[in-house]
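Take a look at the structure set out below.
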Amino acid sequence: MTKESNNWDLRLYVAGQTSKSVLALTNLKKICEEHLGSKYSIEVIDLSKNPQLAKGDQILAVPTLVRKLPPPLRKIIGDLSNTEKVLVGLDIASRKGL
Amino acid sequence: MAKRKANRPVATPSLAKLKKVLTGIEGLDEITDGGFPAGRPTLVCGNAGCGKTLLAVEFLVRGAQQYGEAGVLVSFEENEEELYENMASLGFDLRRLEIQKKLAIDHVYLERSEIEETGEYDLEGLFIRINHAVQSVGAKRIVLDTIEALFGGIPNENILRSELRRLFRWLKDQGLTAVITAEQGDGTLTRHGLEEYVADCVIMLDHQVSEQTSTRRVRIVKYRGSTHGTIQYPFLIDENGMSVLPLTSIGLNHKVSTARISTGIARLDAMMEGKGYFKGSSILASGTAGTGKTSMAMHLADAACSRGERCLYIASEESADQVVRNGKSIGLNLSKWRTRGLLEFKNARPTLTGLEKHLVTIHKQVNQFDPKVVIFDPISNMSAIGEGAEVQSMLMRMLDFFKSRGITSFCTSLTHGGDALEKTEVGISSIMDTWLLLRDIEYSGERTRVMYILKSRGMAHSNQMREFLITSKGVDLLDIYVGSGRVLTGAARAAQEMKEKQIDIG
């Protein structure tokens, strides 16, 4: 297992510093640290500053978490308050078992 | 304090008319009495394939091309490439408008299976995208086609509904004239109840099939603060986009002319105060088969062209060449006028297309050719393609259209043997200004034709019957023999005249 294949490339789309986006980022960081160790990167994209970026990943709802890697692309919308759902959504549980 | 008071706007009576934005779609602005409400959303609903997207896109294209208003198209179904292709078939070059910064397209795509939800969210991302597109071109118009797709993509309907409410509020605040399309629901205007949010103007499109031909129709369900037509108007989609036929809205205020034009038959002119038909009036010639209706029409065409006027001849039974050939047999050289471009034929079997299509093609032909006289020969077989009331309303609209243009129209109508003579198949005689009746008389082994003017509004016309002769030099009208309580025509008339002469001599 190479390091690349285990890399988690995550993007979190938010719109300004709303309570929802702050909460989502906090939740995400916590989940990643607990379940992915150091093999992840999180890029936070603030659409209120870069509106043109919303089109590329087809973002409608914020916050939206996009799993760019590993493929396939997955999206989770919401403040990520339900850890179980995030793990299922990102498919972390099954992948960790690999 | 006092100064501020003075500045306060005086409460004006609410006579200020609702501001409207012209859509630029042919006919639609007439039935909406000036277009869509400015700065407000309009809901366009209807079944699949009824032309919602087209109406919406044309609204943007016309806005950009004719009124200098840039637009944004937020497409939830078709992507950019599909839109380019689909609209190119209607003559709209969306890509060019994009390059010219007159249009911005954003394809919003949602795949439910890709999306998991957890916790609180809102649709600010959509707002940001729309706002970005609006800013990028300085849009005044926006289309959301069709926003209902969100109901399939956003798992939480409560959030979606409150966000939609916010979105429509936001669109209004931005002063955007919006067109929202939505699929028609079962017994409701829209499947997901969008009419709840967009309440200012609702337009319904419809697609009906009757007698194997389909007709598209548009109806204004509601238009807050505005008058509008209430009936279903037929519309067409062709290579120039959409056109609504609001012809019933023309009303009866067209200008009338006192000028007269020759019928092309000297004796018939004589029967009409020696002057002929009123210019711009509608004339109906009805009669049984073979009584000379088309001959009269050809005379009128010939007379119009001789004066240098253009004449459009709509022949729904005979081909152009056939009409010309038949004209030759009664001494009328119609091919001469054809080559000079004064006479144009339009052949159309009524059954080929629906009534509305006919109406529109006639419309277009008249707009292009600009004739002074239109001949429709015969109108009676239009009843083959529609039900009585529909045909009647179509013909009425057509005649109104001719009148509004000051075009003299001459229609022939076939009466079937056995039917009452004073009855036309399509029941339009009442709206005709002049009605000529042709019939045949069988007497002592001979069939002769007679003609009389049943009515001719606004003139002291002759009430006499005339014997109607079709000769190699054209149509001629002869006095018939009326005496000893009998009407005699043809050989019987000649014999009677001879007899009387002998008596005179004797």
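Residues are referred to by chain and number: the chain letter is A, B, ... according to the order shown in the structure tokens, the number counts from 1 in that chain, and ligands are numbered separately from 1 in the order shown.
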Exercise. Find the spatial neighbours of region 60-70 of chain A, counting only C-alpha atoms, within a cut-off of 7 Å - ignore same-chain residues fewer than 6 positions away - and output them as a ChimeraX atom specification.
Key: /A:7-15,21,24,76-79,90 /B:121-126
Resulting file, chosen residues, N, CA and C atoms, as a tab-separated table (two decimals), in the first residue's frame:
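Final output, saved to result-v2.tsv:
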```tsv
chain	number	residue	atom	x	y	z
A	7	ASN	N	-3.98	8.55	0.44
A	7	ASN	CA	-4.16	9.98	0.70
A	7	ASN	C	-5.61	10.40	0.54
A	8	TRP	N	-6.08	11.13	1.50
A	8	TRP	CA	-7.45	11.64	1.43
A	8	TRP	C	-7.39	13.12	1.11
A	9	ASP	N	-7.93	13.42	-0.07
A	9	ASP	CA	-7.94	14.81	-0.50
A	9	ASP	C	-9.36	15.34	-0.30
A	10	LEU	N	-9.55	16.18	0.68
A	10	LEU	CA	-10.89	16.65	1.02
A	10	LEU	C	-11.01	18.15	0.80
A	11	ARG	N	-12.16	18.54	0.34
A	11	ARG	CA	-12.43	19.97	0.18
A	11	ARG	C	-13.69	20.31	0.93
A	12	LEU	N	-13.64	21.39	1.66
A	12	LEU	CA	-14.84	21.84	2.36
A	12	LEU	C	-15.25	23.20	1.81
A	13	TYR	N	-16.42	23.22	1.22
A	13	TYR	CA	-16.93	24.48	0.67
A	13	TYR	C	-17.80	25.17	1.73
A	14	VAL	N	-17.51	26.41	2.00
A	14	VAL	CA	-18.32	27.19	2.93
A	14	VAL	C	-18.63	28.55	2.30
A	15	ALA	N	-19.52	29.26	2.94
A	15	ALA	CA	-19.83	30.61	2.47
A	15	ALA	C	-19.72	31.55	3.66
A	21	SER	N	-20.52	26.79	9.04
A	21	SER	CA	-19.24	26.45	8.41
A	21	SER	C	-18.15	26.22	9.47
A	24	ALA	N	-18.84	22.85	10.87
A	24	ALA	CA	-18.49	21.80	9.91
A	24	ALA	C	-16.99	21.55	9.90
A	76	ILE	N	-20.83	15.30	0.82
A	76	ILE	CA	-21.63	15.28	2.04
A	76	ILE	C	-22.04	16.72	2.32
A	77	ILE	N	-23.33	16.93	2.43
A	77	ILE	CA	-23.77	18.30	2.74
A	77	ILE	C	-24.21	18.35	4.19
A	78	GLY	N	-24.02	19.54	4.78
A	78	GLY	CA	-24.42	19.73	6.17
A	78	GLY	C	-23.22	20.03	7.05
A	79	ASP	N	-23.51	20.23	8.31
A	79	ASP	CA	-22.43	20.65	9.23
A	79	ASP	C	-21.63	19.47	9.79
A	90	LEU	N	-18.14	9.19	3.56
A	90	LEU	CA	-16.79	9.23	3.01
A	90	LEU	C	-16.26	7.82	2.74
B	121	TYR	N	-27.63	22.68	6.90
B	121	TYR	CA	-27.02	23.32	5.71
B	121	TYR	C	-28.03	24.28	5.11
B	122	ASP	N	-27.57	25.08	4.18
B	122	ASP	CA	-28.48	25.91	3.39
B	122	ASP	C	-27.99	25.93	1.95
B	123	LEU	N	-28.71	26.64	1.10
B	123	LEU	CA	-28.35	26.63	-0.32
B	123	LEU	C	-27.59	27.89	-0.72
B	124	GLU	N	-26.81	28.40	0.21
B	124	GLU	CA	-26.07	29.62	-0.07
B	124	GLU	C	-25.17	29.44	-1.31
B	125	GLY	N	-24.70	28.22	-1.50
B	125	GLY	CA	-23.86	27.95	-2.67
B	125	GLY	C	-24.57	28.28	-3.97
B	126	LEU	N	-25.85	27.92	-4.04
B	126	LEU	CA	-26.65	28.23	-5.23
B	126	LEU	C	-26.81	29.73	-5.38
```
Practice problem: Pull the helix (DSSP H, G or I) assignments for region 16-52 of chain A out of DSSP run on the backbone, and list those residues as a list in words. | Solution: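 Output for region 16-52 of chain A, helix (DSSP H, G or I) only: Ser19, Lys20, Ser21, Val22, Leu23, Ala24, Leu25, Thr26, Asn27, Leu28, Lys29, Lys30, Ile31, Cys32, Glu33, Glu34, His35, Leu36, Pro51 and Gln52 of chain A.
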Exercise. Give me, please, the distance in Å between CA of Glu58 (chain B) and CA of Glu183 (chain B), quoted to one decimal.
Key: 18.3 Å
Considering only C-alpha atoms, extract the chain B residues located within 9 Å of chain A and return them as a CSV table (one decimal) with C-alpha atoms, in the first residue's frame.
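Done, and the output landed in out-v4.csv:
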```csv
chain,number,residue,atom,x,y,z
B,106,ASP,CA,-24.8,27.9,-15.4
B,107,HIS,CA,-25.6,24.3,-15.5
B,108,VAL,CA,-26.6,23.2,-12.0
B,109,TYR,CA,-26.4,19.5,-11.7
B,110,LEU,CA,-27.3,17.3,-8.9
B,114,GLU,CA,-23.5,11.2,-4.7
B,115,ILE,CA,-24.9,13.2,-1.9
B,116,GLU,CA,-25.1,12.3,1.8
B,117,GLU,CA,-26.5,14.8,4.3
B,118,THR,CA,-25.6,15.2,7.9
B,119,GLY,CA,-26.6,18.2,9.9
B,120,GLU,CA,-27.6,21.7,9.1
B,121,TYR,CA,-27.0,23.3,5.7
B,122,ASP,CA,-28.5,25.9,3.4
B,123,LEU,CA,-28.3,26.6,-0.3
B,124,GLU,CA,-26.1,29.6,-0.1
B,125,GLY,CA,-23.9,27.9,-2.7
B,126,LEU,CA,-26.7,28.2,-5.2
B,127,PHE,CA,-27.2,31.9,-4.3
B,128,ILE,CA,-23.5,32.6,-4.7
B,129,ARG,CA,-23.5,30.9,-8.1
B,131,ASN,CA,-25.3,36.0,-8.0
B,132,HIS,CA,-21.9,35.4,-9.6
B,133,ALA,CA,-23.5,34.7,-13.0
B,154,ILE,CA,-31.8,18.0,-2.0
```
Quiz prompt | Per-residue DSSP, region 142-269 of chain B, filtered to strand (DSSP E or B), as number ranges by chain | solution = B: 142-145, 177-183, 201-210, 213-223, 233-238, 241-244, 260-261
Self-check item: All residues 8 Å or closer to region 59-75 of chain B, only C-alpha atoms, same chain fewer than 5 positions away omitted, as number ranges by chain
Solution: B: 22-25, 92, 94, 97, 101-108, 130, 133-134, 137-146
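Picture a line from CA of Val482 (chain B) to CA of Thr288 (chain B); it runs 23.0 Å.
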